[in-house]
Amino acid sequence: MTEALRRALDRVGVRTDTGRDAVLAGVVAVATVALFLGIERVLATDVGATFGAGPGAVIVTPGARATVLALVVLQAATLTFRRRAPLACLGLAVAAQVAITVLLPPYVGFQAPATLVAAYSAGAYAPRRTRLAAPAAAAVAQVVLVFALGGFAVPAVTGPAQHALQVGGALLSALLTFVGAALVGSYVATRRELVAELRDRVRRAEREREALAAQAVLEERARMARELHDVAAHHLSGIVVQASAAERLVDADPERAKESVRWIRAQGRETLDDLRLVVGILRGRDDEDGAEREAPQPTLAEVPALLDTARSAGTVVTVETDGSPWEPTPSTQIAVYRVLQEALANARRHAPGRPVAVRFAWSAADLVLTVRNPAAGTVPAADPQTGHGLVGMRERAVVLGGSLDARRAPDGAWLVRLTVPRAPARDSRTADQEVS
């Protein structure tokens with residue numbers, strides 16, 4: 001059943017397989033009755049003389065006609081369970097066909113369409129091992145039963161040889177018809193199973209990809225939490241030292257003590273801002289394995305060493321700086337360093353030997369890091385956008401309130417652009433007033 005027809009039936013409220021099969025059974029019943037009455041009318045004309053009928057001939061008695069029409073309707077009704085019980089549907093349809101054939105004159109070779117639909121359904125919905133065997137057996141059973149009940153007693157046929165030829169032809173015709181319909185149904189079933197399997201594989205792959213991406217995000221957040229711990233520890237250690245110095249200078253040198261307190265206040269606010277950025281990361285996550293935490297993380301001061309490392313690995317790196325640099329927060333410095341590190345690693349992995357252009361664009365509002373490298377001579381084995389490295393880079397950018405764009409440029413080059421906002425400037429005069 002095509003999708004267009006399925007949608008049309010859905011619009012009129014027929015949404016189940018049984019309901020659709022009931023509609024099919026009704027259509028087949030009406031079509032078969034019309035076909036039978038049409039054949040009967042044609043045989044009662046001059047055309048029917050060729051088959052032993054002709055004008056004025058009684059093709060079938062009124063009682064037999066009523067019985068045949070009733071059998072046609074009942075035969076079509078078996079199609080309502082062609083999906084749930086395809087073999088039973090086929091068996092009942094063949095039994096009705098045998099009765100119809102026996103009731104009609106031998107020269108009326110009337111094969112109801114319901115038997116073909118039943119054979120198709122057996123090929124499409126029966127167990128795999130019986131998809132072709134059952135229709136073939138049904139074809140043989142139909143011919144044998146009709147022969148046994150005298151359905152092939154054609155007057156023009158005389159002698160056993162001619163009779164055997166007639167039965168053999170009928171058997172071959174039935175086999176070709178039934179098995180052909182079953183083959184079509186089997187093909188449809190195989191294709192349906194293949195499509196279902198492919199869709200299931202796609203769904204499983206999508207779930208696995210989402211799980212891997214989620215795991216990568218969790219791992220990156222845990223790593224960022226550890227980095228923040230190191231940054232906070234560094235600032236707090238300095239705060240403790242400055243606080244001790246300020247305590248000693250309160251009486252001896254009040255101005256220097258006041259300066260130390262202002263520095264402590266600024267560092268405390270900066271550390272608090274960093275903590276607020278990743279409070280969601282720290283919430284509910286413990287270092288369960290008790291593993292040793294990582295060393296303090298790099299800053300922008302270590303970018304030249306990172307570039308030298310890339311150059312020593314064979315990558316030609318050029319650096320361009322626009323604007324007036326300002327002092328980013330420690331979390332921003334770590335993010336910029338890690339994104340640059342990941343971008344250089346991706347360039348070495350996917351375009352080894354190709355030059356890499358690094359650009360730092362400083363403005364009053366933000367810092368934009370751009371890493372660009374030409375496309376490799378061959379297509380990488382995997383799309384870089386599916387890597388976990390980019391997941392981590394994007395997570396860093398989002399935590400800082402920035403963004404990361406990683407894509408192919410129109411000329412085919414690979415482009416990574418990180419934008420991080422500048423932290424709000426602190427009002428030193430206000431700070432002085434508060435300390436005073």
# chains A, B, ... in the order shown; residues from 1 in each chain; ligands from 1
>>> residues_around(residues="segment 324-328 of chain A", least_positions_apart="3", cutoff="10 Å", atoms="only C-alpha atoms", output="VMD selection string")
chain A and resid 299 to 300 321 331 to 334 336 360 to 364 366 to 367 420 to 423
>>> atom_distance(atom1="atom CA of Thr419 of chain A", atom2="atom CA of Ala310 of chain A")
22.4 Å
>>> select_by_dssp(residues="segment 312-422 of chain A", states="strand (DSSP E)", output="MDAnalysis selection string")
chainID A and resid 317:322 356:362 366:373 403:408 414:421
>>> write_last_selection(atoms="N, CA and C atoms", output="compact mmCIF listing (two decimals), in the first residue's frame")
# COMPACT_ATOMS: atom_id res chain seq x y z
N VAL A 317 53.96 27.60 11.00
CA VAL A 317 52.95 28.38 11.70
C VAL A 317 53.30 29.86 11.57
N THR A 318 52.33 30.64 11.10
CA THR A 318 52.48 32.09 11.07
C THR A 318 51.49 32.70 12.05
N VAL A 319 51.92 33.78 12.72
CA VAL A 319 51.10 34.41 13.75
C VAL A 319 50.91 35.88 13.41
N GLU A 320 49.68 36.33 13.56
CA GLU A 320 49.34 37.73 13.33
C GLU A 320 48.52 38.23 14.51
N THR A 321 48.86 39.43 14.99
CA THR A 321 48.16 40.02 16.12
C THR A 321 47.62 41.38 15.72
N ASP A 322 46.32 41.58 15.92
CA ASP A 322 45.67 42.86 15.63
C ASP A 322 45.09 43.43 16.91
N VAL A 356 49.87 26.67 8.72
CA VAL A 356 48.77 27.06 9.60
C VAL A 356 48.92 28.55 9.91
N ALA A 357 47.83 29.28 9.74
CA ALA A 357 47.82 30.72 10.04
C ALA A 357 47.03 30.96 11.32
N VAL A 358 47.68 31.60 12.30
CA VAL A 358 47.05 31.90 13.59
C VAL A 358 46.92 33.41 13.70
N ARG A 359 45.73 33.85 14.12
CA ARG A 359 45.48 35.29 14.22
C ARG A 359 44.78 35.59 15.53
N PHE A 360 45.35 36.55 16.29
CA PHE A 360 44.73 37.05 17.50
C PHE A 360 44.20 38.45 17.21
N ALA A 361 42.89 38.64 17.31
CA ALA A 361 42.27 39.95 17.08
C ALA A 361 41.71 40.46 18.40
N TRP A 362 42.37 41.49 18.95
CA TRP A 362 41.97 42.07 20.23
C TRP A 362 41.11 43.30 19.98
N ASP A 366 36.07 41.98 22.91
CA ASP A 366 36.34 40.54 22.93
C ASP A 366 37.70 40.24 22.31
N LEU A 367 38.05 38.97 22.40
CA LEU A 367 39.25 38.43 21.76
C LEU A 367 38.79 37.35 20.79
N VAL A 368 39.27 37.44 19.55
CA VAL A 368 38.92 36.46 18.53
C VAL A 368 40.20 35.74 18.10
N LEU A 369 40.22 34.43 18.32
CA LEU A 369 41.33 33.59 17.87
C LEU A 369 40.88 32.86 16.61
N THR A 370 41.66 32.99 15.54
CA THR A 370 41.34 32.31 14.28
C THR A 370 42.51 31.43 13.88
N VAL A 371 42.23 30.16 13.62
CA VAL A 371 43.24 29.21 13.15
C VAL A 371 42.76 28.68 11.81
N ARG A 372 43.58 28.84 10.79
CA ARG A 372 43.19 28.45 9.44
C ARG A 372 44.30 27.63 8.81
N ASN A 373 43.92 26.49 8.22
CA ASN A 373 44.91 25.70 7.49
C ASN A 373 44.29 25.18 6.21
N SER A 403 31.74 31.89 21.84
CA SER A 403 31.26 30.96 20.81
C SER A 403 32.45 30.37 20.07
N LEU A 404 32.21 29.23 19.43
CA LEU A 404 33.24 28.58 18.62
C LEU A 404 32.62 28.19 17.29
N ASP A 405 33.30 28.54 16.23
CA ASP A 405 32.84 28.20 14.88
C ASP A 405 33.93 27.37 14.22
N ALA A 406 33.62 26.13 13.87
CA ALA A 406 34.58 25.24 13.21
C ALA A 406 33.93 24.70 11.94
N ARG A 407 34.49 25.03 10.79
CA ARG A 407 33.86 24.66 9.53
C ARG A 407 34.86 24.77 8.40
N ARG A 408 34.40 24.33 7.22
CA ARG A 408 35.21 24.50 6.02
C ARG A 408 34.89 25.85 5.39
N TRP A 414 40.23 24.58 6.34
CA TRP A 414 39.55 24.33 7.60
C TRP A 414 39.76 25.53 8.51
N LEU A 415 38.67 26.02 9.10
CA LEU A 415 38.68 27.27 9.85
C LEU A 415 38.12 27.04 11.24
N VAL A 416 38.87 27.47 12.26
CA VAL A 416 38.41 27.43 13.65
C VAL A 416 38.47 28.86 14.17
N ARG A 417 37.33 29.36 14.67
CA ARG A 417 37.28 30.73 15.18
C ARG A 417 36.66 30.71 16.57
N LEU A 418 37.44 31.12 17.57
CA LEU A 418 36.98 31.22 18.95
C LEU A 418 36.80 32.69 19.29
N THR A 419 35.62 33.02 19.84
CA THR A 419 35.34 34.39 20.29
C THR A 419 35.00 34.34 21.77
N VAL A 420 35.78 35.07 22.58
CA VAL A 420 35.52 35.13 24.02
C VAL A 420 35.38 36.59 24.42
N PRO A 421 34.36 36.91 25.21
CA PRO A 421 34.16 38.31 25.61
C PRO A 421 35.16 38.75 26.66
>>> residues_around(residues="Ala85 of chain A", least_positions_apart="5", cutoff="10 Å", atoms="only C-alpha atoms", output="JSON, numbers by chain")
{"A": [78, 79, 80, 90, 121, 122, 125, 126]}
>>> write_last_selection(atoms="C-alpha atoms", output="compact mmCIF listing (two decimals), in the first residue's frame")
# COMPACT_ATOMS: atom_id res chain seq x y z
CA THR A 78 -10.60 -13.61 4.16
CA LEU A 79 -8.24 -10.78 3.17
CA THR A 80 -9.12 -8.94 6.38
CA LEU A 90 -4.50 -18.36 1.47
CA SER A 121 0.23 -11.84 1.32
CA ALA A 122 1.70 -15.27 2.04
CA TYR A 125 3.83 -11.91 5.78
CA ALA A 126 4.24 -15.68 6.22
>>> atom_distance(atom1="atom CA of Arg209 of chain A", atom2="atom CA of Tyr337 of chain A")
27.1 Å
>>> closest_residue(among="A:Gly13, A:Arg338, A:Leu183, A:Gly91", to="Gly123 of chain A", atoms="only C-alpha atoms")
A:Leu183
